[in-house]
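Presented below is the structure to which this report refers.
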Amino acid sequence: MQSRDLIRENLERSRDLVLAKVEDMRDHATVFPTPHGGAHTLWVLGHLAYIEGLVVDAFARGGVNPLADWEPVFDGPEPCDDPSAYPPFDEVVARCRERRDATLAWIDTLDEDDLDGAAPGAPDGWEAMFGTVRRCLQFVADHGLMHRGQLADARRAAGVGRMWA
C-alpha cells in the first residue's frame, strides 16, 4: 500500500464518520452542544469546510482558500444561535462535501515525493503541523474527527438519536 492510499482512506473515513447522519440535524443546526454554548452543527460543518480550503488549497498547494469569505463566520468569534448569521445549512453541507471531493481528487495526482514536498503556503512556525503536503492532508483528516464529539453532543442536546457510525 502506498501512503497516499492510507491518507485517502483516512480522509474518506473522516468524511464518512463526520457527515454520517448530519442531514437530520437540518432543523436543529444551531442547537448548542452544551448549556454554555459551544460549536453547533452548522458552525462545525462550515468550520471544517473553511479549514479544509485553508489547509489544502492555501497551505499545501500555495493557492487561495476558495472559502476565504467564510473566515469571519466559521473561524472567528464564538458561534451564535441565529441561523441568519450563516449560509443555509444545505449549502454548508454541500460545500463540506465539495471540499473533500476536491481534496480526494487532488490526492490522485500525487506521488510519495509530492507528499513529502514542502507545503508552499504553510505559515511560519507551523512546519511541524503543516510543513509538508502529507502533514497538511493528515491534519485535514484528523480535524474532522477532532470536532466529531461536538456534533454528537449537539445531536444529544437537540434530542436527535446518537451517532453510531
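FYI, nothing fancy with the C-alpha cells labels: chains A, B, ... in order, residues from 1 per chain, ligands from 1 as they appear.
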
To test your reading of the structure, identify every residue in range 64-107 of chain A that backbone DSSP assigns to helix (DSSP H, G or I), and report it as a PyMOL selection string.
chain A and resi 68-74+83-85+89-107

Excluding range 143-146 of chain A and residues on its chain fewer than 2 positions from it, collect all residues at most 12 Å away from it, counting only C-alpha atoms, and give them as a ChimeraX atom specification.
/A:10-20,44-52,55,96,100,129,135-141,148-152

If we count only C-alpha atoms, what is near range 66-74 of chain A at a cut-off of 12 Å, once residues fewer than 2 positions away on the same chain are taken out, given as a ChimeraX atom specification?
/A:39-58,63-64,76-80,82-87,92,95-96,98-99,102

Store the residues picked out above, limited to C-alpha atoms, as a PDB file, in the first residue's frame.
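The result, stored in result.pdb:
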ATOM      1  CA  ALA A  39     -19.824  24.691  18.425  1.00  0.00           C
ATOM      2  CA  HIS A  40     -23.194  23.688  16.997  1.00  0.00           C
ATOM      3  CA  THR A  41     -23.635  21.529  13.909  1.00  0.00           C
ATOM      4  CA  LEU A  42     -23.846  24.360  11.380  1.00  0.00           C
ATOM      5  CA  TRP A  43     -20.710  26.036  12.719  1.00  0.00           C
ATOM      6  CA  VAL A  44     -18.729  22.776  12.840  1.00  0.00           C
ATOM      7  CA  LEU A  45     -19.576  21.893   9.242  1.00  0.00           C
ATOM      8  CA  GLY A  46     -18.730  25.368   7.948  1.00  0.00           C
ATOM      9  CA  HIS A  47     -15.540  25.417  10.001  1.00  0.00           C
ATOM     10  CA  LEU A  48     -14.444  22.058   8.586  1.00  0.00           C
ATOM     11  CA  ALA A  49     -15.069  23.192   5.001  1.00  0.00           C
ATOM     12  CA  TYR A  50     -13.319  26.525   5.568  1.00  0.00           C
ATOM     13  CA  ILE A  51     -10.274  24.923   7.225  1.00  0.00           C
ATOM     14  CA  GLU A  52     -10.009  22.261   4.519  1.00  0.00           C
ATOM     15  CA  GLY A  53      -9.834  25.017   1.916  1.00  0.00           C
ATOM     16  CA  LEU A  54      -7.249  26.860   4.001  1.00  0.00           C
ATOM     17  CA  VAL A  55      -5.017  23.877   4.704  1.00  0.00           C
ATOM     18  CA  VAL A  56      -5.262  22.132   1.328  1.00  0.00           C
ATOM     19  CA  ASP A  57      -5.681  24.957  -1.159  1.00  0.00           C
ATOM     20  CA  ALA A  58      -3.726  27.706   0.612  1.00  0.00           C
ATOM     21  CA  GLY A  63      -3.105  28.928  -3.670  1.00  0.00           C
ATOM     22  CA  VAL A  64      -6.174  30.658  -2.314  1.00  0.00           C
ATOM     23  CA  GLY A  76     -13.750  33.814  14.115  1.00  0.00           C
ATOM     24  CA  PRO A  77     -15.904  34.592  17.140  1.00  0.00           C
ATOM     25  CA  GLU A  78     -17.993  32.179  19.169  1.00  0.00           C
ATOM     26  CA  PRO A  79     -20.870  30.531  17.281  1.00  0.00           C
ATOM     27  CA  CYS A  80     -24.250  32.178  17.691  1.00  0.00           C
ATOM     28  CA  ASP A  82     -29.035  32.894  14.838  1.00  0.00           C
ATOM     29  CA  PRO A  83     -29.361  30.891  11.583  1.00  0.00           C
ATOM     30  CA  SER A  84     -29.375  34.131   9.554  1.00  0.00           C
ATOM     31  CA  ALA A  85     -25.741  34.690  10.576  1.00  0.00           C
ATOM     32  CA  TYR A  86     -24.724  31.679   8.469  1.00  0.00           C
ATOM     33  CA  PRO A  87     -25.105  30.405   4.927  1.00  0.00           C
ATOM     34  CA  VAL A  92     -22.739  24.389   4.060  1.00  0.00           C
ATOM     35  CA  ARG A  95     -19.521  22.876   0.377  1.00  0.00           C
ATOM     36  CA  CYS A  96     -18.138  20.497   3.011  1.00  0.00           C
ATOM     37  CA  GLU A  98     -17.226  19.566  -2.353  1.00  0.00           C
ATOM     38  CA  ARG A  99     -14.056  20.466  -0.484  1.00  0.00           C
ATOM     39  CA  ALA A 102     -11.653  18.156  -4.425  1.00  0.00           C
TER      40      ALA A 102
END

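Relative to CA of Leu115 in chain A, CA of Ala128 in chain A is found at 14.4 Å.
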
Can you build me a table of range 10-35 of chain A residues sitting at most 8 Å from range 153-162 of chain A, with the closest atom pair per residue and its distance in Å to one decimal, using only C-alpha atoms, sorted by chain and residue number, as a tab-separated table?
residue	atom	partner	partner_atom	distance
A:Met25	CA	A:Arg155	CA	7.2
A:His28	CA	A:Ala158	CA	6.3
A:Val31	CA	A:Ala158	CA	6.1
A:Phe32	CA	A:Ala154	CA	5.8
A:Pro33	CA	A:Ala154	CA	3.9
A:Thr34	CA	A:Ala157	CA	7.0

Any chance you could export the current selection's N, CA and C atoms as an mmCIF file, in the first residue's frame?
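As written to disk, out08.cif reads:
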data_model
loop_
_atom_site.group_PDB
_atom_site.id
_atom_site.type_symbol
_atom_site.label_atom_id
_atom_site.label_comp_id
_atom_site.auth_asym_id
_atom_site.auth_seq_id
_atom_site.Cartn_x
_atom_site.Cartn_y
_atom_site.Cartn_z
ATOM 1 N N MET A 25 -29.957 16.838 11.137
ATOM 2 C CA MET A 25 -29.805 17.956 12.069
ATOM 3 C C MET A 25 -30.214 19.288 11.430
ATOM 4 N N HIS A 28 -32.195 21.440 13.480
ATOM 5 C CA HIS A 28 -31.585 21.657 14.797
ATOM 6 C C HIS A 28 -30.145 22.164 14.648
ATOM 7 N N VAL A 31 -28.485 24.300 17.453
ATOM 8 C CA VAL A 31 -28.630 23.894 18.854
ATOM 9 C C VAL A 31 -27.225 23.705 19.428
ATOM 10 N N PHE A 32 -26.944 24.423 20.503
ATOM 11 C CA PHE A 32 -25.625 24.325 21.124
ATOM 12 C C PHE A 32 -25.436 22.957 21.783
ATOM 13 N N PRO A 33 -24.209 22.448 21.773
ATOM 14 C CA PRO A 33 -23.941 21.141 22.357
ATOM 15 C C PRO A 33 -23.946 21.126 23.884
ATOM 16 N N THR A 34 -23.855 22.300 24.515
ATOM 17 C CA THR A 34 -23.863 22.364 25.976
ATOM 18 C C THR A 34 -24.745 23.537 26.408
#

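The coordinates place CA of Ile107 in chain A at 8.5 Å from CA of Ile7 in chain A.
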
Identify, with DSSP run on backbone atoms, the residues in range 4-144 of chain A assigned to strand (DSSP E or B), and express the list as a PyMOL selection string.
chain A and resi 34+37+118+132
